[in-house]
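K.L.:
Data: protein.txt, compact mmCIF, N, CA and C atoms.
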# COMPACT_ATOMS: atom_id res chain seq x y z
N MET A 1 153.57 138.96 -171.32
CA MET A 1 154.94 138.91 -170.83
C MET A 1 155.55 140.31 -170.78
N GLN A 2 155.25 141.15 -171.75
CA GLN A 2 155.83 142.49 -171.77
C GLN A 2 155.50 143.26 -170.50
N GLU A 3 154.27 143.14 -170.01
CA GLU A 3 153.88 143.83 -168.80
C GLU A 3 154.75 143.40 -167.63
N ARG A 4 155.03 142.12 -167.51
CA ARG A 4 155.89 141.63 -166.43
C ARG A 4 157.31 142.13 -166.60
N GLU A 5 157.78 142.20 -167.84
CA GLU A 5 159.14 142.69 -168.09
C GLU A 5 159.28 144.15 -167.73
N ARG A 6 158.26 144.95 -167.93
CA ARG A 6 158.31 146.38 -167.61
C ARG A 6 158.36 146.63 -166.11
N ALA A 7 158.06 145.63 -165.33
CA ALA A 7 158.03 145.80 -163.88
C ALA A 7 159.44 145.88 -163.29
N GLY A 8 160.46 145.99 -164.12
CA GLY A 8 161.82 146.15 -163.62
C GLY A 8 162.38 144.90 -162.95
N GLY A 9 161.94 143.73 -163.36
CA GLY A 9 162.44 142.50 -162.78
C GLY A 9 161.78 142.13 -161.47
N PHE A 10 160.84 142.94 -161.00
CA PHE A 10 160.12 142.64 -159.76
C PHE A 10 159.16 141.50 -160.02
N SER A 11 159.23 140.45 -159.22
CA SER A 11 158.39 139.28 -159.40
C SER A 11 157.20 139.30 -158.44
N ILE A 12 156.06 138.88 -158.95
CA ILE A 12 154.85 138.79 -158.14
C ILE A 12 154.30 137.38 -158.25
N GLY A 13 154.15 136.73 -157.10
CA GLY A 13 153.58 135.39 -157.05
C GLY A 13 152.20 135.45 -156.46
N VAL A 14 151.31 134.62 -156.97
CA VAL A 14 149.93 134.58 -156.49
C VAL A 14 149.62 133.17 -156.03
N SER A 15 149.04 133.05 -154.85
CA SER A 15 148.62 131.76 -154.32
C SER A 15 147.29 131.38 -154.95
N CYS A 16 147.25 130.20 -155.55
CA CYS A 16 146.06 129.74 -156.28
C CYS A 16 145.64 128.36 -155.79
N HIS A 17 144.33 128.13 -155.84
CA HIS A 17 143.79 126.85 -155.38
C HIS A 17 142.87 126.21 -156.41
N SER A 18 142.84 126.78 -157.64
CA SER A 18 142.00 126.21 -158.70
C SER A 18 142.56 126.65 -160.04
N LEU A 19 142.09 125.99 -161.10
CA LEU A 19 142.48 126.36 -162.45
C LEU A 19 142.01 127.78 -162.77
N GLU A 20 140.80 128.12 -162.34
CA GLU A 20 140.28 129.47 -162.56
C GLU A 20 141.18 130.51 -161.90
N ASP A 21 141.59 130.26 -160.65
CA ASP A 21 142.50 131.18 -159.95
C ASP A 21 143.80 131.34 -160.73
N ALA A 22 144.35 130.23 -161.21
CA ALA A 22 145.63 130.26 -161.92
C ALA A 22 145.52 131.07 -163.21
N ARG A 23 144.47 130.85 -163.96
CA ARG A 23 144.29 131.61 -165.21
C ARG A 23 144.08 133.09 -164.93
N GLU A 24 143.32 133.40 -163.88
CA GLU A 24 143.12 134.81 -163.49
C GLU A 24 144.43 135.46 -163.12
N ALA A 25 145.24 134.78 -162.33
CA ALA A 25 146.52 135.32 -161.91
C ALA A 25 147.43 135.57 -163.11
N GLU A 26 147.45 134.62 -164.03
CA GLU A 26 148.28 134.79 -165.23
C GLU A 26 147.81 135.98 -166.05
N SER A 27 146.52 136.10 -166.28
CA SER A 27 146.03 137.20 -167.11
C SER A 27 146.16 138.55 -166.40
N ALA A 28 146.25 138.54 -165.08
CA ALA A 28 146.44 139.79 -164.33
C ALA A 28 147.90 140.22 -164.29
N GLY A 29 148.80 139.37 -164.80
CA GLY A 29 150.21 139.75 -164.87
C GLY A 29 151.11 139.14 -163.82
N ALA A 30 150.65 138.12 -163.11
CA ALA A 30 151.51 137.47 -162.11
C ALA A 30 152.75 136.90 -162.78
N SER A 31 153.84 136.90 -162.06
CA SER A 31 155.10 136.33 -162.57
C SER A 31 155.14 134.82 -162.40
N TYR A 32 154.50 134.34 -161.34
CA TYR A 32 154.44 132.91 -161.06
C TYR A 32 153.27 132.63 -160.15
N ILE A 33 152.97 131.35 -159.99
CA ILE A 33 151.84 130.90 -159.18
C ILE A 33 152.35 129.92 -158.12
N PHE A 34 151.86 130.08 -156.90
CA PHE A 34 151.97 129.03 -155.89
C PHE A 34 150.69 128.23 -156.00
N PHE A 35 150.79 126.92 -156.18
CA PHE A 35 149.59 126.11 -156.28
C PHE A 35 149.58 125.02 -155.22
N GLY A 36 148.45 124.92 -154.53
CA GLY A 36 148.32 123.88 -153.53
C GLY A 36 147.12 124.12 -152.64
N PRO A 37 147.04 123.39 -151.58
CA PRO A 37 148.05 122.42 -151.15
C PRO A 37 148.01 121.17 -152.04
N VAL A 38 149.18 120.74 -152.46
CA VAL A 38 149.25 119.54 -153.29
C VAL A 38 149.01 118.29 -152.44
N PHE A 39 149.64 118.24 -151.28
CA PHE A 39 149.52 117.10 -150.37
C PHE A 39 148.98 117.60 -149.03
N ASP A 40 148.58 116.66 -148.18
CA ASP A 40 148.10 117.03 -146.86
C ASP A 40 149.24 117.62 -146.03
N THR A 41 148.93 118.68 -145.31
CA THR A 41 149.88 119.28 -144.39
C THR A 41 149.11 120.04 -143.32
N PRO A 42 149.53 119.96 -142.09
CA PRO A 42 148.80 120.65 -141.02
C PRO A 42 148.64 122.15 -141.26
N SER A 43 149.65 122.79 -141.83
CA SER A 43 149.59 124.24 -142.01
C SER A 43 148.62 124.67 -143.11
N LYS A 44 148.18 123.77 -143.96
CA LYS A 44 147.29 124.13 -145.08
C LYS A 44 145.90 123.50 -144.97
N ARG A 45 145.59 122.84 -143.87
CA ARG A 45 144.30 122.16 -143.76
C ARG A 45 143.13 123.13 -143.88
N GLY A 46 143.31 124.37 -143.49
CA GLY A 46 142.26 125.37 -143.62
C GLY A 46 141.99 125.78 -145.06
N MET A 47 142.85 125.36 -145.98
CA MET A 47 142.70 125.71 -147.40
C MET A 47 141.89 124.66 -148.16
N GLY A 48 141.40 123.67 -147.45
CA GLY A 48 140.61 122.62 -148.11
C GLY A 48 141.41 121.35 -148.31
N GLU A 49 140.78 120.43 -149.02
CA GLU A 49 141.40 119.13 -149.29
C GLU A 49 142.65 119.31 -150.16
N PRO A 50 143.63 118.40 -150.02
CA PRO A 50 144.79 118.45 -150.90
C PRO A 50 144.36 118.35 -152.37
N GLN A 51 145.03 119.09 -153.23
CA GLN A 51 144.70 119.13 -154.65
C GLN A 51 145.19 117.89 -155.40
N GLY A 52 146.35 117.37 -155.02
CA GLY A 52 146.91 116.18 -155.65
C GLY A 52 147.76 116.48 -156.87
N ILE A 53 148.49 115.46 -157.29
CA ILE A 53 149.43 115.58 -158.41
C ILE A 53 148.70 115.81 -159.74
N ALA A 54 147.59 115.13 -159.96
CA ALA A 54 146.87 115.28 -161.24
C ALA A 54 146.42 116.73 -161.43
N ARG A 55 145.94 117.36 -160.38
CA ARG A 55 145.50 118.75 -160.48
C ARG A 55 146.70 119.68 -160.68
N LEU A 56 147.80 119.40 -159.99
CA LEU A 56 149.02 120.19 -160.20
C LEU A 56 149.45 120.11 -161.66
N GLU A 57 149.44 118.91 -162.22
CA GLU A 57 149.83 118.73 -163.62
C GLU A 57 148.90 119.52 -164.55
N GLU A 58 147.61 119.49 -164.27
CA GLU A 58 146.64 120.24 -165.07
C GLU A 58 146.95 121.74 -165.04
N ILE A 59 147.23 122.26 -163.88
CA ILE A 59 147.56 123.69 -163.74
C ILE A 59 148.83 124.01 -164.52
N CYS A 60 149.85 123.19 -164.36
CA CYS A 60 151.13 123.42 -165.06
C CYS A 60 150.95 123.43 -166.57
N ARG A 61 150.09 122.57 -167.10
CA ARG A 61 149.85 122.51 -168.55
C ARG A 61 148.98 123.67 -169.03
N SER A 62 148.21 124.28 -168.13
CA SER A 62 147.19 125.26 -168.53
C SER A 62 147.65 126.71 -168.48
N VAL A 63 148.78 126.98 -167.88
CA VAL A 63 149.29 128.36 -167.83
C VAL A 63 150.72 128.38 -168.37
N THR A 64 151.15 129.55 -168.76
CA THR A 64 152.50 129.68 -169.32
C THR A 64 153.51 130.20 -168.32
N ILE A 65 153.05 130.67 -167.17
CA ILE A 65 153.97 131.16 -166.15
C ILE A 65 154.35 130.00 -165.21
N PRO A 66 155.48 130.13 -164.52
CA PRO A 66 155.92 129.04 -163.64
C PRO A 66 154.92 128.76 -162.52
N VAL A 67 154.81 127.49 -162.18
CA VAL A 67 153.94 127.04 -161.09
C VAL A 67 154.84 126.43 -160.01
N ILE A 68 154.68 126.94 -158.80
CA ILE A 68 155.44 126.44 -157.65
C ILE A 68 154.50 125.58 -156.81
N ALA A 69 154.87 124.33 -156.59
CA ALA A 69 154.06 123.42 -155.78
C ALA A 69 154.26 123.73 -154.30
N ILE A 70 153.16 123.76 -153.56
CA ILE A 70 153.22 124.06 -152.13
C ILE A 70 152.22 123.19 -151.39
N GLY A 71 152.55 122.88 -150.16
CA GLY A 71 151.61 122.14 -149.31
C GLY A 71 151.96 120.68 -149.19
N GLY A 72 152.64 120.31 -148.11
CA GLY A 72 152.96 118.92 -147.86
C GLY A 72 154.07 118.36 -148.71
N VAL A 73 154.82 119.22 -149.39
CA VAL A 73 155.92 118.75 -150.25
C VAL A 73 157.05 118.27 -149.36
N SER A 74 157.52 117.06 -149.64
CA SER A 74 158.59 116.44 -148.86
C SER A 74 159.65 115.89 -149.80
N GLU A 75 160.73 115.42 -149.22
CA GLU A 75 161.78 114.80 -150.03
C GLU A 75 161.22 113.61 -150.80
N GLU A 76 160.29 112.88 -150.18
CA GLU A 76 159.73 111.68 -150.80
C GLU A 76 158.81 111.98 -151.97
N ASN A 77 158.09 113.10 -151.95
CA ASN A 77 157.12 113.38 -153.02
C ASN A 77 157.50 114.55 -153.92
N ALA A 78 158.62 115.20 -153.64
CA ALA A 78 159.03 116.36 -154.44
C ALA A 78 159.23 116.00 -155.91
N GLY A 79 159.78 114.84 -156.18
CA GLY A 79 159.99 114.42 -157.56
C GLY A 79 158.69 114.31 -158.34
N GLU A 80 157.61 113.89 -157.67
CA GLU A 80 156.30 113.82 -158.33
C GLU A 80 155.87 115.21 -158.81
N CYS A 81 156.15 116.22 -157.99
CA CYS A 81 155.79 117.59 -158.36
C CYS A 81 156.58 118.06 -159.58
N ILE A 82 157.86 117.74 -159.59
CA ILE A 82 158.71 118.11 -160.73
C ILE A 82 158.21 117.41 -161.99
N ARG A 83 157.93 116.12 -161.89
CA ARG A 83 157.44 115.37 -163.05
C ARG A 83 156.08 115.88 -163.53
N ALA A 84 155.29 116.45 -162.63
CA ALA A 84 153.99 117.01 -163.01
C ALA A 84 154.13 118.35 -163.71
N GLY A 85 155.34 118.90 -163.71
CA GLY A 85 155.58 120.16 -164.41
C GLY A 85 155.88 121.35 -163.53
N ALA A 86 155.91 121.17 -162.21
CA ALA A 86 156.20 122.29 -161.32
C ALA A 86 157.58 122.87 -161.63
N ALA A 87 157.65 124.19 -161.65
CA ALA A 87 158.91 124.88 -161.90
C ALA A 87 159.74 125.00 -160.63
N GLY A 88 159.10 124.77 -159.49
CA GLY A 88 159.79 124.86 -158.22
C GLY A 88 158.92 124.35 -157.09
N LEU A 89 159.48 124.38 -155.89
CA LEU A 89 158.81 123.85 -154.71
C LEU A 89 158.90 124.85 -153.57
N ALA A 90 157.85 124.94 -152.82
CA ALA A 90 157.87 125.65 -151.54
C ALA A 90 157.69 124.55 -150.51
N ALA A 91 158.73 124.23 -149.79
CA ALA A 91 158.74 123.02 -148.97
C ALA A 91 159.35 123.28 -147.61
N ILE A 92 158.63 123.97 -146.79
CA ILE A 92 159.15 124.33 -145.47
C ILE A 92 159.59 123.10 -144.68
N ARG A 93 158.68 122.14 -144.54
CA ARG A 93 158.98 120.97 -143.72
C ARG A 93 160.15 120.17 -144.29
N MET A 94 160.24 120.05 -145.60
CA MET A 94 161.33 119.28 -146.20
C MET A 94 162.69 119.83 -145.76
N PHE A 95 162.80 121.13 -145.70
CA PHE A 95 164.07 121.73 -145.30
C PHE A 95 164.25 121.75 -143.79
N GLN A 96 163.16 121.90 -143.05
CA GLN A 96 163.25 121.87 -141.59
C GLN A 96 163.65 120.48 -141.09
N GLU A 97 163.20 119.44 -141.77
CA GLU A 97 163.47 118.08 -141.32
C GLU A 97 164.80 117.53 -141.83
N ALA A 98 165.50 118.28 -142.66
CA ALA A 98 166.78 117.81 -143.18
C ALA A 98 167.77 117.64 -142.02
N ARG A 99 168.59 116.65 -142.13
CA ARG A 99 169.55 116.34 -141.06
C ARG A 99 170.56 117.47 -140.87
N ASP A 100 171.01 118.06 -141.97
CA ASP A 100 172.01 119.14 -141.89
C ASP A 100 172.05 119.86 -143.23
N GLY A 101 172.89 120.87 -143.33
CA GLY A 101 173.01 121.66 -144.55
C GLY A 101 173.41 120.84 -145.76
N ALA A 102 174.27 119.85 -145.55
CA ALA A 102 174.70 119.01 -146.67
C ALA A 102 173.53 118.19 -147.20
N ALA A 103 172.65 117.73 -146.31
CA ALA A 103 171.48 116.96 -146.74
C ALA A 103 170.55 117.82 -147.57
N VAL A 104 170.35 119.08 -147.16
CA VAL A 104 169.51 120.01 -147.93
C VAL A 104 170.12 120.22 -149.31
N LYS A 105 171.41 120.44 -149.36
CA LYS A 105 172.09 120.66 -150.64
C LYS A 105 171.93 119.44 -151.56
N ASP A 106 172.06 118.25 -151.00
CA ASP A 106 171.90 117.03 -151.80
C ASP A 106 170.50 116.93 -152.39
N VAL A 107 169.49 117.22 -151.58
CA VAL A 107 168.10 117.16 -152.05
C VAL A 107 167.89 118.17 -153.17
N VAL A 108 168.35 119.39 -152.97
CA VAL A 108 168.16 120.43 -153.98
C VAL A 108 168.88 120.06 -155.28
N GLU A 109 170.09 119.58 -155.19
CA GLU A 109 170.83 119.19 -156.40
C GLU A 109 170.13 118.04 -157.13
N ARG A 110 169.61 117.07 -156.38
CA ARG A 110 168.91 115.95 -157.02
C ARG A 110 167.66 116.44 -157.73
N LEU A 111 166.91 117.34 -157.08
CA LEU A 111 165.68 117.86 -157.69
C LEU A 111 166.00 118.73 -158.91
N ARG A 112 167.05 119.51 -158.85
CA ARG A 112 167.46 120.30 -160.02
C ARG A 112 167.81 119.40 -161.19
N ALA A 113 168.55 118.34 -160.93
CA ALA A 113 168.92 117.40 -161.98
C ALA A 113 167.68 116.74 -162.58
N GLU A 114 166.73 116.36 -161.72
CA GLU A 114 165.51 115.75 -162.21
C GLU A 114 164.72 116.75 -163.06
N SER A 115 164.68 117.98 -162.62
CA SER A 115 163.95 119.02 -163.35
C SER A 115 164.60 119.28 -164.71
N ALA A 116 165.91 119.30 -164.75
CA ALA A 116 166.63 119.56 -166.00
C ALA A 116 166.44 118.43 -167.01
N SER A 117 166.19 117.21 -166.52
CA SER A 117 166.06 116.07 -167.41
C SER A 117 164.66 115.90 -167.98
N ARG A 118 163.70 116.69 -167.52
CA ARG A 118 162.33 116.53 -168.04
C ARG A 118 162.09 117.32 -169.28
Now, as a test, write the supplied structure out as structure tokens.

P.N.:
Amino acid sequence: MQERERAGGFSIGVSCHSLEDAREAESAGASYIFFGPVFDTPSKRGMGEPQGIARLEEICRSVTIPVIAIGGVSEENAGECIRAGAAGLAAIRMFQEARDGAAVKDVVERLRAESASR
């Protein structure tokens, strides 16, 4: 942690697709991890099969830095990611498909509340 603190608050995220990748990123000093794809999504099909919630949960339990769930995250499945231990979400489609700004705000507030209650 001290090494990350000396970086002057600059955060570095590493995209990971396995437990080995996640542990390597953490030991190399990453501030956080993007892990996925958790669910199927057209933009991540080249990254292999979806990892799933069980694998996301395993990664979250195995490292001490925050894990951000990415890949096919939607309003319908975002709560599963939070319950699995994800510290955050990268959810392009979820926000693109929102009806309006108020809908996005509602989703974010609901997910924050769910995250705070775990």

K.L.:
Excluding range 88-101 of chain A and any residue of its chain fewer than 3 positions from it, enumerate the residues within 6 Å of it, using only C-alpha atoms, and give them as a PyMOL selection string.

P.N.:
chain A and resi 68-70+73-75+104

K.L.:
A:Gly13, A:Gly72, A:Gly52, A:Gly85: which is nearest Ser31 in chain A, counting all atoms listed in the file?

P.N.:
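Going through A:Gly13, A:Gly72, A:Gly52, A:Gly85 one by one, the smallest distance to Ser31 in chain A is for A:Gly13.
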
K.L.:
I need the residues of range 76-110 of chain A that end up classed as alpha helix (DSSP H) by DSSP on the backbone, written out as a PyMOL selection string.

P.N.:
chain A and resi 78-83+92-96+101-110

K.L.:
Of the residues A:Arg55, A:Ala22, A:Gly71, A:Ile12, which is the one nearest to Pro37 in chain A, using all atoms listed in the file?

P.N.:
A:Gly71

K.L.:
For atom N of Ala30 in chain A and atom N of Ala116 in chain A, determine how far apart the two atoms are, in Å to one decimal place.

P.N.:
24.3 Å

K.L.:
Quick one, how far is CA of Phe10 in chain A from CA of Val38 in chain A?

P.N.:
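Computed distance, CA of Phe10 in chain A to CA of Val38 in chain A, equals 26.3 Å.
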
K.L.:
Smallest atom-to-atom distance to Ile53 in chain A: which of A:Arg112, A:Ala78, A:Ala102, A:Val107, using only C-alpha atoms?

P.N.:
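Counting only C-alpha atoms, the residue closest to Ile53 in chain A is A:Ala78.
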
K.L.:
Here is a test: counting all atoms listed in the file, which residue of A:Ser18, A:Ala86, A:Ser11, A:Ile33 is nearest to Arg61 in chain A?

P.N.:
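Selected residue with least distance to Arg61 in chain A: A:Ala86.
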
K.L.:
One number please: atom N of Phe35 in chain A to CA of Ala103 in chain A, in Å, one decimal.

P.N.:
24.8 Å

K.L.:
Using all atoms listed in the file, which protein or nucleic acid residues come within 8 Å of Glu114 in chain A? Drop anything in the same chain fewer than 4 positions from it, and give the result as a ChimeraX atom specification.

P.N.:
/A:79,82-83,108-110,118

K.L.:
Of the residues A:Cys60, A:Ala84, A:Ala113, A:Ile65, which is the one nearest to Gly29 in chain A, using only C-alpha atoms?

P.N.:
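Selected residue with least distance to Gly29 in chain A: A:Ile65.
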
K.L.:
Could you pull out the strand (DSSP E or B) residues of chain A, going by DSSP on the backbone, and write them as a list in words?

P.N.:
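Listing strand (DSSP E or B) positions across chain A yields Gly13, Val14, Ser15, Cys16, Tyr32, Ile33, Phe34, Phe35, Val67, Ile68, Ala69, Ile70, Gly88, Leu89 and Ala90 of chain A.
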
K.L.:
Just N, CA and C atoms for this one: save the residues we selected as a PDB file, in the frame of the given file.

P.N.:
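Now in out-v4.pdb:
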ATOM      1  N   GLY A  13     154.150 136.730-157.100  1.00  0.00           N
ATOM      2  CA  GLY A  13     153.580 135.390-157.050  1.00  0.00           C
ATOM      3  C   GLY A  13     152.200 135.450-156.460  1.00  0.00           C
ATOM      4  N   VAL A  14     151.310 134.620-156.970  1.00  0.00           N
ATOM      5  CA  VAL A  14     149.930 134.580-156.490  1.00  0.00           C
ATOM      6  C   VAL A  14     149.620 133.170-156.030  1.00  0.00           C
ATOM      7  N   SER A  15     149.040 133.050-154.850  1.00  0.00           N
ATOM      8  CA  SER A  15     148.620 131.760-154.320  1.00  0.00           C
ATOM      9  C   SER A  15     147.290 131.380-154.950  1.00  0.00           C
ATOM     10  N   CYS A  16     147.250 130.200-155.550  1.00  0.00           N
ATOM     11  CA  CYS A  16     146.060 129.740-156.280  1.00  0.00           C
ATOM     12  C   CYS A  16     145.640 128.360-155.790  1.00  0.00           C
ATOM     13  N   TYR A  32     154.500 134.340-161.340  1.00  0.00           N
ATOM     14  CA  TYR A  32     154.440 132.910-161.060  1.00  0.00           C
ATOM     15  C   TYR A  32     153.270 132.630-160.150  1.00  0.00           C
ATOM     16  N   ILE A  33     152.970 131.350-159.990  1.00  0.00           N
ATOM     17  CA  ILE A  33     151.840 130.900-159.180  1.00  0.00           C
ATOM     18  C   ILE A  33     152.350 129.920-158.120  1.00  0.00           C
ATOM     19  N   PHE A  34     151.860 130.080-156.900  1.00  0.00           N
ATOM     20  CA  PHE A  34     151.970 129.030-155.890  1.00  0.00           C
ATOM     21  C   PHE A  34     150.690 128.230-156.000  1.00  0.00           C
ATOM     22  N   PHE A  35     150.790 126.920-156.180  1.00  0.00           N
ATOM     23  CA  PHE A  35     149.590 126.110-156.280  1.00  0.00           C
ATOM     24  C   PHE A  35     149.580 125.020-155.220  1.00  0.00           C
ATOM     25  N   VAL A  67     154.810 127.490-162.180  1.00  0.00           N
ATOM     26  CA  VAL A  67     153.940 127.040-161.090  1.00  0.00           C
ATOM     27  C   VAL A  67     154.840 126.430-160.010  1.00  0.00           C
ATOM     28  N   ILE A  68     154.680 126.940-158.800  1.00  0.00           N
ATOM     29  CA  ILE A  68     155.440 126.440-157.650  1.00  0.00           C
ATOM     30  C   ILE A  68     154.500 125.580-156.810  1.00  0.00           C
ATOM     31  N   ALA A  69     154.870 124.330-156.590  1.00  0.00           N
ATOM     32  CA  ALA A  69     154.060 123.420-155.780  1.00  0.00           C
ATOM     33  C   ALA A  69     154.260 123.730-154.300  1.00  0.00           C
ATOM     34  N   ILE A  70     153.160 123.760-153.560  1.00  0.00           N
ATOM     35  CA  ILE A  70     153.220 124.060-152.130  1.00  0.00           C
ATOM     36  C   ILE A  70     152.220 123.190-151.390  1.00  0.00           C
ATOM     37  N   GLY A  88     159.100 124.770-159.490  1.00  0.00           N
ATOM     38  CA  GLY A  88     159.790 124.860-158.220  1.00  0.00           C
ATOM     39  C   GLY A  88     158.920 124.350-157.090  1.00  0.00           C
ATOM     40  N   LEU A  89     159.480 124.380-155.890  1.00  0.00           N
ATOM     41  CA  LEU A  89     158.810 123.850-154.710  1.00  0.00           C
ATOM     42  C   LEU A  89     158.900 124.850-153.570  1.00  0.00           C
ATOM     43  N   ALA A  90     157.850 124.940-152.820  1.00  0.00           N
ATOM     44  CA  ALA A  90     157.870 125.650-151.540  1.00  0.00           C
ATOM     45  C   ALA A  90     157.690 124.550-150.510  1.00  0.00           C
TER      46      ALA A  90
END
